[in-house]
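I have placed the structure first, in the form of structure tokens, so that the comments after it can refer back to it.
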Amino acid sequence: MNPSRNLFTILLFISGIPGPLSAEETDAYELKPNLVVTPTRMIEPLSESLASVSLITRQDIELSVAQDLFELLRLQPGIDIVRSGGPGAQTSIFMRGTNSNHILVLIDGVRVSSANTGAFVWEQLPLNQVERVEIVRGPRGSLYGSDSIGGVIQIFTRSSPKPYARVTGGSYGTAEAEGGWGYNGEYTQISINGGYRHVSGFSAQNPDGFSYNPDDDGYESTNLGIRGSTEAGYGSWEYSFLGLDSESEFDQGVSDSSQQIASLGLHGSFSSVWDYQLLGGYSREKLVSDFEFFTTGFKSRRYEFSWQNQYVQGQNGKLSFGTDFYHETGESMDTWDESRNNSGLFVSYDYYLDRLHVQLGGRYDDNSLWDSQFTGQIALGYDIGEAWQIMGNYGSAFRGPNLNEQFSPGFGGLFAGNPDLDPESSNSGELGLRWQNDTRGTFSAAFYRTDVKDMISFTGEQFQAINIDQVLLKGIELEYTLSRQGWQLNTNATFQSTEDQLTHEPLLRRPDQKGSITIERRFSAGSWIGLEWFYSGKRQDFGGITLASYNLFNLRAGWEFATSWLLELRADNLADEDYEPAFGFNSAGRSWYVSLAWMP
């Protein structure tokens with residue numbers, strides 16, 4: 001496959017639309033590192049959020065010199081990641097022990113998970129297109145509807161109009177090139193970014209794998225992103241477009257994947273106390289996999305629209321309300337082609353009284369293929385003195401069955417879908433504690449419990465999908481950060497328990513303990529050096545296998561050797577630890593990557 005074959009088509013597509021956006025984000029060009037929008041669909045200071053939130057900024061990405069987003073996500077509390085092989089291999093993310101399709105994934109405000117599987121293809125998202133990532137742990141069903149049992153991850157695409165270029169080479173035949181350009185005028189801003197990546201890779205599986213082949217499994221991809229905004233007398237238009245095309249090899253086969261994500265939004269005001277946002281979004285994906293002796297193909301499309309309002313009531317109250325709608329279609333090669341509609345109404349209210357912050361929310365969803373759902377949430381925050389804050393929240397969420405679970409004919413009648421499935425539902429409670437000191441850093445602790453019922457399981461007659469499983473998830477997340485005199489320290493630890501209440505067994509591939517420490521020294525000349533330590537505890541896998549714990553030590557550094565010129569280095573798995581991310585699958589050994597970057 002030639003991964004660049006769709007770029008001309010992408011350019012034609014862009015030229016025919018007025019532009020795309022993120023209504024949940026307002027103006028991304030002005031969104032500061034201490035502000036977030038995903039927890040409440042409104043801009044708020046990170047320190048005032050009543051949810052457990054982590055933020056990855058563009059500066060974090062640049063200083064990490066990481067090759068993939070998953071290298072940054074796995075350092076976050078409450079998140080477990082499994083990648084079945086090297087770059088481009090299938091990647092699953094579990095948040096607070098929930099399934100990978102229990103996380104709502106947004107890109108510039110647009111839902112991007114597959115209508116067929118309910119999961120997002122994390123392995124295809126290029127890091128050069130990411131401006132920032134907001135991670136909300138815990139349910140957000142009262143704001144977003146389906147899929148947020150574990151939480152929400154929102155990615156904002158690259159938005160800086162400053163030009164740049166970078167080339168990278170390294171282990172496993174890695175060769176990359178990326179660059180961007182932009183324009184920043186009085187009323188208009190735009191940035192255009194593109195990238196190419198080639199990795200020769202390594203064998204995805206070892207001899208214990210079910211389809212082991214000792215050849216190298218490579219990955220090749222191209223990407224193009226456009227992001228901009230235009231000020232008008234009645235409001236601000238924002239738009240974005242992201243086009244991805246890739247080829248991933250795996251033992252005994254190869255997959256071709258493409259995605260297009262676009263958004264167009266308007267931000268305006270009815271009055272000095274009433275703001276609104278309109279968002280139109282489109283996402284499309286196509287995946288074709290050749291297993292040598294048979295081929296599979298899947299397509300999905302989603303059109304969506306939302307209207308959101310924020311009304312400020314004096315000094316103490318903020319009201320947010322709105323509606324959204326999406327139409328999605330899924331198709332499996334020569335077997336089924338189905339579609340469905342979903343409409344939602346939501347409202348939330350924030351009230352501030354001295355040291356007390358109260359938040360209430362509710363949402364009603366009506367879907368054309370399953371029963372309507374109501375979700376709600378209540379959260380409380382109380383400031384204890386100047387440095388301490390205690391928080392508590394309780395909320396419900398759900399996940400509607402994906403089209404594959406409803407309509408797949410299975411394999412010879414086995415493992416078939418079920419159109420009568422009910423949505424999975426959950427109730428979650430959380431108690432949190434925060435401490436912040438300007439010279440001594442920040443500390444937070446979160447204790448949570450989530451009960452999930454009506455889990456979809458392929459355990460019916462002839463292994464048909466049915467609602468049967470119940471899961472209990474409990475955990476503690478601890479974080480501490482300190483920034484002082486050029487030094488940056490970030491530490492966190494997660495202790496969790498995941499139990500299938502029918503079998504009383506732990507859920508697969510979720511460790512009971514994990515943690516990370518990152519220490520970084522930044523120099524006044526624009527250079528830096530940092531060290532990462534990551535630990536994952538033992539995990540259960542299919543067949544009663546217990547996977548061993550492992551430690552990773554990674555080094556990252558940058559040297560500004562001339563004005564606007566950087567030499568960057570990343571070394572992964574310095575100890576060359578041999579571990580299995582999943583039974584029968586290989587992981588990368590000691591590897592090195594060197595980049596030359598021009599960033600005026």
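Going through the structure tokens in order, the chains are called A, B, and so on, while each chain numbers its residues from 1 and the ligands are numbered from 1 in the order shown.
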Excluding Arg521 (chain A) and its own-chain neighbours fewer than 6 positions away, which residues fall within 7 Å of it when counting only C-alpha atoms? Please give them as a list of chain:residue names.
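Counting only the stated atoms, we get A:Gly486, A:Trp487, A:Gln488, A:Trp528, A:Ile529, A:Gly530.
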Residue subset to file, keeping C-alpha atoms, as an mmCIF file, in the first residue's frame:
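Here's the written file selection_28.cif:
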data_model
loop_
_atom_site.group_PDB
_atom_site.id
_atom_site.type_symbol
_atom_site.label_atom_id
_atom_site.label_comp_id
_atom_site.auth_asym_id
_atom_site.auth_seq_id
_atom_site.Cartn_x
_atom_site.Cartn_y
_atom_site.Cartn_z
ATOM 1 C CA GLY A 486 14.011 24.318 36.807
ATOM 2 C CA TRP A 487 13.164 20.896 38.264
ATOM 3 C CA GLN A 488 9.887 19.110 37.593
ATOM 4 C CA TRP A 528 16.345 19.675 29.105
ATOM 5 C CA ILE A 529 16.931 16.143 30.357
ATOM 6 C CA GLY A 530 14.470 13.792 32.045
#
As an MDAnalysis selection string, please: the residues near region 185-202 of chain A (cut-off 7 Å, only C-alpha atoms, same-chain neighbours under 2 positions excluded).
chainID A and resid 86 129 159:161 172:183 204 216:231
Given only C-alpha atoms as the basis, pick out the residue of A:Ser283, A:Ser372, A:Thr498, A:Gln308 nearest to Val347 (chain A).
A:Gln308
Show me, as an MDAnalysis selection string, the residues that have an atom within 9 Å of Asp371 (chain A) when counting only C-alpha atoms, minus same-chain residues fewer than 4 positions from it.
chainID A and resid 365:367 422:423
Output the selection as a PDB file, in the first residue's frame - all heavy atoms for each residue.
ATOM      1  N   ASP A 365     -31.443  10.438  27.144  1.00  0.00           N
ATOM      2  CA  ASP A 365     -31.065   9.978  25.808  1.00  0.00           C
ATOM      3  C   ASP A 365     -32.146   9.083  25.239  1.00  0.00           C
ATOM      4  O   ASP A 365     -32.676   8.202  25.931  1.00  0.00           O
ATOM      5  CB  ASP A 365     -29.744   9.187  25.855  1.00  0.00           C
ATOM      6  CG  ASP A 365     -28.531  10.076  25.903  1.00  0.00           C
ATOM      7  OD1 ASP A 365     -28.038  10.457  24.831  1.00  0.00           O
ATOM      8  OD2 ASP A 365     -28.073  10.401  27.024  1.00  0.00           O
ATOM      9  N   ASP A 366     -32.447   9.287  23.966  1.00  0.00           N
ATOM     10  CA  ASP A 366     -33.409   8.453  23.253  1.00  0.00           C
ATOM     11  C   ASP A 366     -32.724   7.916  22.004  1.00  0.00           C
ATOM     12  O   ASP A 366     -32.224   8.685  21.177  1.00  0.00           O
ATOM     13  CB  ASP A 366     -34.646   9.252  22.863  1.00  0.00           C
ATOM     14  CG  ASP A 366     -35.676   8.389  22.149  1.00  0.00           C
ATOM     15  OD1 ASP A 366     -36.204   7.454  22.770  1.00  0.00           O
ATOM     16  OD2 ASP A 366     -35.924   8.645  20.958  1.00  0.00           O
ATOM     17  N   ASN A 367     -32.663   6.578  21.883  1.00  0.00           N
ATOM     18  CA  ASN A 367     -31.984   5.929  20.771  1.00  0.00           C
ATOM     19  C   ASN A 367     -32.975   5.111  19.968  1.00  0.00           C
ATOM     20  O   ASN A 367     -33.900   4.514  20.523  1.00  0.00           O
ATOM     21  CB  ASN A 367     -30.850   5.039  21.292  1.00  0.00           C
ATOM     22  CG  ASN A 367     -29.921   4.572  20.191  1.00  0.00           C
ATOM     23  OD1 ASN A 367     -30.200   3.644  19.459  1.00  0.00           O
ATOM     24  ND2 ASN A 367     -28.773   5.245  20.095  1.00  0.00           N
ATOM     25  N   ASP A 422     -29.811  -4.873  25.883  1.00  0.00           N
ATOM     26  CA  ASP A 422     -30.006  -3.632  26.632  1.00  0.00           C
ATOM     27  C   ASP A 422     -28.664  -2.934  26.830  1.00  0.00           C
ATOM     28  O   ASP A 422     -27.613  -3.574  26.794  1.00  0.00           O
ATOM     29  CB  ASP A 422     -30.615  -3.926  28.015  1.00  0.00           C
ATOM     30  CG  ASP A 422     -32.030  -4.468  27.921  1.00  0.00           C
ATOM     31  OD1 ASP A 422     -32.771  -4.012  27.030  1.00  0.00           O
ATOM     32  OD2 ASP A 422     -32.384  -5.347  28.736  1.00  0.00           O
ATOM     33  N   PRO A 423     -28.675  -1.628  27.064  1.00  0.00           N
ATOM     34  CA  PRO A 423     -27.415  -0.940  27.368  1.00  0.00           C
ATOM     35  C   PRO A 423     -26.814  -1.428  28.684  1.00  0.00           C
ATOM     36  O   PRO A 423     -27.530  -1.821  29.610  1.00  0.00           O
ATOM     37  CB  PRO A 423     -27.829   0.530  27.475  1.00  0.00           C
ATOM     38  CG  PRO A 423     -29.116   0.629  26.706  1.00  0.00           C
ATOM     39  CD  PRO A 423     -29.799  -0.683  26.922  1.00  0.00           C
TER      40      PRO A 423
END
Where does DSSP see strand (DSSP E) in region 53-100 of chain A, if you list the residues as a compact mmCIF listing (two decimals) with C-alpha atoms, in the first residue's frame?
# COMPACT_ATOMS: atom_id res chain seq x y z
CA VAL A 53 -8.72 15.29 35.75
CA SER A 54 -5.29 14.94 34.13
CA LEU A 55 -3.95 17.23 31.44
CA ILE A 56 -1.27 16.60 28.80
CA ILE A 79 -5.10 4.17 32.99
CA ASP A 80 -3.86 0.75 31.83
CA ILE A 81 -2.72 0.20 28.24
CA VAL A 82 -2.18 -3.00 26.27
CA ARG A 83 -0.54 -2.91 22.84
CA THR A 91 -4.02 -0.80 21.39
CA SER A 92 -6.57 -1.05 24.20
CA ILE A 93 -6.99 1.49 27.00
CA PHE A 94 -8.72 0.62 30.27
CA MET A 95 -9.70 3.46 32.62
Determine, counting only C-alpha atoms, which protein, DNA and RNA residues have an atom within 8 Å of an atom of Ser142 (chain A); residues of the same chain fewer than 5 positions away are not included. Present the result as a short mmCIF file (atom, residue, chain, number, x, y, z; two decimals) with N, CA, C and O atoms, in the first residue's frame.
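Output (out.cif):
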data_model
loop_
_atom_site.label_atom_id
_atom_site.label_comp_id
_atom_site.auth_asym_id
_atom_site.auth_seq_id
_atom_site.Cartn_x
_atom_site.Cartn_y
_atom_site.Cartn_z
N PHE A 346 -29.58 17.70 27.97
CA PHE A 346 -28.80 17.70 29.20
C PHE A 346 -28.87 19.06 29.86
O PHE A 346 -29.08 20.10 29.22
N VAL A 347 -28.68 19.05 31.20
CA VAL A 347 -28.66 20.28 31.97
C VAL A 347 -27.75 20.06 33.17
O VAL A 347 -27.71 18.95 33.74
N GLY A 361 -26.37 17.56 37.79
CA GLY A 361 -26.55 17.38 36.36
C GLY A 361 -27.45 16.22 36.02
O GLY A 361 -27.57 15.26 36.80
N GLY A 362 -28.10 16.29 34.88
CA GLY A 362 -28.95 15.21 34.41
C GLY A 362 -29.05 15.21 32.90
O GLY A 362 -28.89 16.25 32.25
N ARG A 363 -29.30 14.04 32.34
CA ARG A 363 -29.39 13.92 30.88
C ARG A 363 -30.38 12.81 30.51
O ARG A 363 -30.45 11.78 31.19
N PHE A 374 -31.81 7.60 31.33
CA PHE A 374 -31.59 8.82 32.09
C PHE A 374 -30.37 8.63 32.97
O PHE A 374 -30.22 7.60 33.64
N THR A 375 -29.47 9.61 32.97
CA THR A 375 -28.29 9.57 33.81
C THR A 375 -28.20 10.86 34.61
O THR A 375 -28.61 11.93 34.14
N GLY A 376 -27.66 10.77 35.80
CA GLY A 376 -27.55 11.94 36.66
C GLY A 376 -26.24 11.95 37.43
O GLY A 376 -25.54 10.93 37.53
N GLN A 377 -25.91 13.10 37.98
CA GLN A 377 -24.67 13.24 38.74
C GLN A 377 -24.81 14.37 39.75
O GLN A 377 -25.43 15.40 39.49
N GLY A 395 -22.46 9.37 40.44
CA GLY A 395 -23.07 9.51 39.13
C GLY A 395 -23.37 8.19 38.47
O GLY A 395 -22.81 7.15 38.82
N SER A 396 -24.27 8.24 37.52
CA SER A 396 -24.63 7.06 36.74
C SER A 396 -24.18 7.26 35.29
O SER A 396 -23.96 8.38 34.84
N ALA A 397 -24.02 6.16 34.58
CA ALA A 397 -23.60 6.20 33.18
C ALA A 397 -24.08 4.93 32.49
O ALA A 397 -24.57 3.99 33.15
#
